[in-house]
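Here the structure comes first, spelled out in structure tokens, and everything after it is commentary.
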Amino acid sequence: MEILVCVKRVPTVGGTIAVTPDGQQVDTRMSGFSISPHEECAVEEAVQITERLGGTVSVLTLGPEAAVEQLRGALALGASRAVLLETDGREFGPAATAAAIAAEVRARPCDLVLLGNEAADTGDYQVGIRLAYELGWPVATGIKELSASAGEVTARREYRGVQESYTLSLPAVVTVKEGINLPRYPSLRGRLRAKSAAVERSEPAWAPDGLRTELLRVPASVLHQAAVLGHGIDAVPELVRVLGELGVLS
Amino acid sequence: VTVLVLAEMDGPSPADASLRALTLARSLGDSCVQTVVFTDAGELPEAALAEYGASDVHVVDRTVVGGYAPQAWARVLAGLADQTGATAVLAAGTDRGNEVLAHLGAITGLPMAANCVAVSAGSGGSLEIVRQRWAGLLLEEAVLDAPVALLTVATDAGAAEPAGAPGPAVVHQVAASVADGDLVVRAAEAPAGAGGASLASARVSSAAGAGSAAPTGSGRWTSSRRCSAAWSESRG
């Protein structure tokens, strides 16, 4: 089975995110980069399927040159081919992203495209579905269990106490959620192989989206999760007041 | 201005997340808020929806559209949006809400903004929205330019608030007909626990002993084959 996994390079963030002074981007000066947990699971799922059924895993990303780092990470886990759809720094919206991926799939057909359920940064929840419509393929999203056989996949998820099962004829698009499997660590051999692997490149055309970002900001509720109450013994009265407010002293 | 809201059911009642979406829909100025609900025969939540400001409730028999079939649901929504002249279609930012509206976006070619927490009318027919990114760690202020705005509402976006002076809702039974192609992907539904993954069969399990947040005494998480996870408490 030929499987294409789509991943996205995103900053590695902890509990809070810093924004650049102009409010246009996430401040990445102090952060590393990774792919989302959903996508890590998508790579693992693809590798497991090809280990059972044979075939190969390709990994694709749409992003800057630096995203080659994330492609090599997936190659180290068992993917055998990497494709960079290189951007000029502008953010591609969901429709443009889906169109760019669809063009790659048409150029080199596969049986199954796996994506994370949503991008960690933009949280658009729609690239997989728009991709499926571009290709005219069936799609299932938010999947937590996947079984593949020749010609079809069965995808399952749970919703409001109901187990949903979808049977999709291949080729198909499936978006998965973290928890579908336990991603492996890359082996030393895999890392060495990934380091020297070739990366195919193309430059898709950017297209405007109907959604235009004006500003990014950190919500007040996140900003106020930690506060300095004072220093040393002087902080005690304020600490007692806060504990009283929280009801832990009563 | 007509706003169409996909109302999900949680048992016999509208889901809280959908009531939050209805509440946000009312913030779209002087709008007529109509809802679409896919239900089994006999379930008519029009009173609850009217309490939250729905003037009209379009009821679609789930069996006619193959139970839960996201593409078919989106196709029905597209037809109703056209029929009612809706300028916005909203859904809760749940798995299904996001999924159906993404299908609607793909069918119509319209942009969709997920996980909105605020929305207001902008200039020239655009909408000014605030939406969650990074799972709520960031807020994005954005402008949505589209003839019909597709929005999902974050499930933790403000509380659901009843309308100030709600009137009775007019119920419309929708005679939906969907093409076979829209039913290619549909859910075979079974009660959870009847199959699939469970904590009992999970590859990884974790236990929290002393030091975990037990309400009283010393509690610990235990698991068994019969019960996927249970809270047991020891006062010894």
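Here, A, B, ... name the chains of the structure tokens in the order displayed, residue numbers run from 1 inside each chain, and ligands are numbered from 1 in the same displayed order.
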
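Residues of chain B having any atom within 6 Å of chain A, counting only C-alpha atoms, are Ala102, Ala106, Pro111, Ala114, Arg133, Trp134, Leu138, Leu139, Glu140, Glu141, Ala142, Val143, Leu144, Asp145, Ala187, Ala188, Glu189, Ala190, Pro191 and Ala192 of chain B.
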
With only C-alpha atoms counted and 10 Å as the cut-off, give the residues of stretch 160-206 of chain A in contact with stretch 48-66 of chain A, each with its shortest interatomic distance in Å and the pair that gives it, as a Markdown table.
```
| residue | atom | partner | partner_atom | distance |
| --- | --- | --- | --- | --- |
| A:Asn181 | CA | A:Gln48 | CA | 9.5 |
| A:Pro183 | CA | A:Gln48 | CA | 9.9 |
| A:Val199 | CA | A:Leu60 | CA | 9.6 |
| A:Glu200 | CA | A:Leu60 | CA | 9.3 |
| A:Arg201 | CA | A:Glu65 | CA | 9.5 |
| A:Ser202 | CA | A:Leu62 | CA | 9.7 |
| A:Glu203 | CA | A:Leu62 | CA | 9.1 |
| A:Pro204 | CA | A:Leu62 | CA | 8.8 |
```

Margin query: as JSON, numbers by chain, please: every residue in stretch 12-180 of chain A that DSSP puts in strand (DSSP E or B).
Written below: {"A": [19, 26, 33, 34, 56, 57, 58, 59, 60, 61, 62, 63, 81, 82, 83, 84, 85, 86, 112, 113, 114, 115, 116, 139, 140, 141, 142, 143, 145, 146, 147, 148, 149, 152, 153, 154, 155, 156, 157, 158, 159, 162, 163, 164, 165, 166, 167, 168, 169, 172, 173, 174, 175, 176]}

Mind dumping the selected residues with C-alpha atoms as a JSON list (two decimals), in the first residue's frame?
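Here's the written file again-v7.json:
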```
[["chain", "number", "residue", "atom", "x", "y", "z"],
["A", 19, "VAL", "CA", 3.66, 36.66, 20.06],
["A", 26, "VAL", "CA", 4.25, 33.43, 17.08],
["A", 33, "PHE", "CA", 10.06, 23.12, 15.95],
["A", 34, "SER", "CA", 8.20, 19.86, 15.62],
["A", 56, "THR", "CA", 5.96, 2.50, 1.15],
["A", 57, "VAL", "CA", 5.36, 5.64, 3.17],
["A", 58, "SER", "CA", 5.95, 9.09, 1.72],
["A", 59, "VAL", "CA", 5.91, 12.19, 3.85],
["A", 60, "LEU", "CA", 5.00, 15.65, 2.63],
["A", 61, "THR", "CA", 5.07, 19.09, 4.11],
["A", 62, "LEU", "CA", 4.08, 22.52, 2.90],
["A", 63, "GLY", "CA", 6.35, 25.11, 4.41],
["A", 81, "ARG", "CA", 10.31, 9.39, 0.48],
["A", 82, "ALA", "CA", 10.05, 13.06, 1.39],
["A", 83, "VAL", "CA", 8.43, 15.93, -0.48],
["A", 84, "LEU", "CA", 8.77, 19.61, 0.38],
["A", 85, "LEU", "CA", 6.18, 21.95, -1.10],
["A", 86, "GLU", "CA", 8.25, 25.02, -0.51],
["A", 112, "LEU", "CA", -4.15, 6.46, 1.28],
["A", 113, "VAL", "CA", -3.43, 9.97, 2.52],
["A", 114, "LEU", "CA", -3.11, 10.39, 6.28],
["A", 115, "LEU", "CA", -3.15, 13.74, 8.06],
["A", 116, "GLY", "CA", -3.47, 14.96, 11.61],
["A", 139, "VAL", "CA", -12.76, 10.94, 3.78],
["A", 140, "ALA", "CA", -13.09, 10.16, 7.48],
["A", 141, "THR", "CA", -11.82, 12.47, 10.21],
["A", 142, "GLY", "CA", -10.88, 12.37, 13.88],
["A", 143, "ILE", "CA", -10.06, 8.67, 13.69],
["A", 145, "GLU", "CA", -8.57, 3.27, 15.28],
["A", 146, "LEU", "CA", -7.72, 2.23, 11.73],
["A", 147, "SER", "CA", -7.53, -1.15, 10.08],
["A", 148, "ALA", "CA", -6.47, -1.49, 6.48],
["A", 149, "SER", "CA", -6.77, -4.27, 3.97],
["A", 152, "GLU", "CA", -10.45, -0.56, 1.85],
["A", 153, "VAL", "CA", -9.89, 0.82, 5.32],
["A", 154, "THR", "CA", -12.14, 0.70, 8.34],
["A", 155, "ALA", "CA", -11.86, 3.77, 10.53],
["A", 156, "ARG", "CA", -13.35, 4.18, 13.99],
["A", 157, "ARG", "CA", -13.91, 6.95, 16.46],
["A", 158, "GLU", "CA", -16.12, 7.59, 19.46],
["A", 159, "TYR", "CA", -18.58, 10.44, 19.73],
["A", 162, "VAL", "CA", -21.39, 6.17, 20.37],
["A", 163, "GLN", "CA", -18.79, 4.11, 18.53],
["A", 164, "GLU", "CA", -18.74, 5.21, 14.88],
["A", 165, "SER", "CA", -17.26, 2.96, 12.24],
["A", 166, "TYR", "CA", -16.60, 4.05, 8.66],
["A", 167, "THR", "CA", -15.63, 1.78, 5.79],
["A", 168, "LEU", "CA", -13.87, 3.62, 3.01],
["A", 169, "SER", "CA", -12.89, 2.27, -0.39],
["A", 172, "ALA", "CA", -9.12, 7.59, 0.57],
["A", 173, "VAL", "CA", -8.16, 10.38, 2.96],
["A", 174, "VAL", "CA", -8.15, 9.82, 6.73],
["A", 175, "THR", "CA", -7.31, 12.28, 9.48],
["A", 176, "VAL", "CA", -6.22, 10.77, 12.77]]
```

Next item on the list: Output as a PyMOL selection string all residues of stretch 9-127 of chain A that backbone DSSP marks as helix (DSSP H, G or I).
Entry: chain A and resi 37-53+65-77+94-107+127

Check: Which polymer residues have any atom within 10 Å of an atom of B:Ala121, counting only C-alpha atoms, with same-chain residues fewer than 2 positions away left out, as JSON, numbers by chain?
Finding: {"B": [27, 28, 29, 119, 123, 124, 125, 126, 127, 128, 129, 143, 144]}

Margin query: What's the separation between atom CA of A:Ala98 and atom CA of B:Val76, in Å to one decimal place?
Written below: 23.7 Å

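Neighbours of stretch 21-26 of chain B closer than or equal to 8 Å, with only C-alpha atoms counted and sequence neighbours fewer than 4 positions away skipped, come out as Val3, Val5, Ala17, Asp30, Ser31, Val33, Tyr52, Gly53, Ala54, Leu90, Ala91, Ala92, Val117, Ala118, Val119, Thr152, Val153, Ala160, Glu161, Pro162 and Ala163 of chain B.
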
Close residues, B:Ala88 itself excluded, 8 Å, only C-alpha atoms, min 3 positions apart in chain, as a short mmCIF file (atom, residue, chain, number, x, y, z; two decimals) with N, CA and C atoms, in the first residue's frame:
```cif
data_model
loop_
_atom_site.label_atom_id
_atom_site.label_comp_id
_atom_site.auth_asym_id
_atom_site.auth_seq_id
_atom_site.Cartn_x
_atom_site.Cartn_y
_atom_site.Cartn_z
N THR B 2 -30.15 36.43 8.07
CA THR B 2 -30.55 35.11 8.56
C THR B 2 -29.30 34.29 8.87
N VAL B 3 -29.28 33.74 10.06
CA VAL B 3 -28.16 32.89 10.47
C VAL B 3 -28.71 31.49 10.71
N LEU B 4 -28.03 30.52 10.12
CA LEU B 4 -28.45 29.13 10.25
C LEU B 4 -27.49 28.44 11.21
N VAL B 148 -21.33 33.81 2.22
CA VAL B 148 -21.94 33.09 3.35
C VAL B 148 -20.79 32.69 4.28
N ALA B 149 -20.86 33.15 5.51
CA ALA B 149 -19.78 32.86 6.47
C ALA B 149 -20.02 31.50 7.11
N LEU B 150 -18.99 30.68 7.12
CA LEU B 150 -19.08 29.37 7.78
C LEU B 150 -18.22 29.42 9.04
N LEU B 151 -18.86 29.26 10.17
CA LEU B 151 -18.15 29.41 11.45
C LEU B 151 -18.48 28.25 12.38
#
```

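Using only C-alpha atoms for every distance, the candidate list B:Ser13, B:Gln71, B:Ser18, B:Thr87 yields B:Gln71 as the residue closest to B:Ala179.
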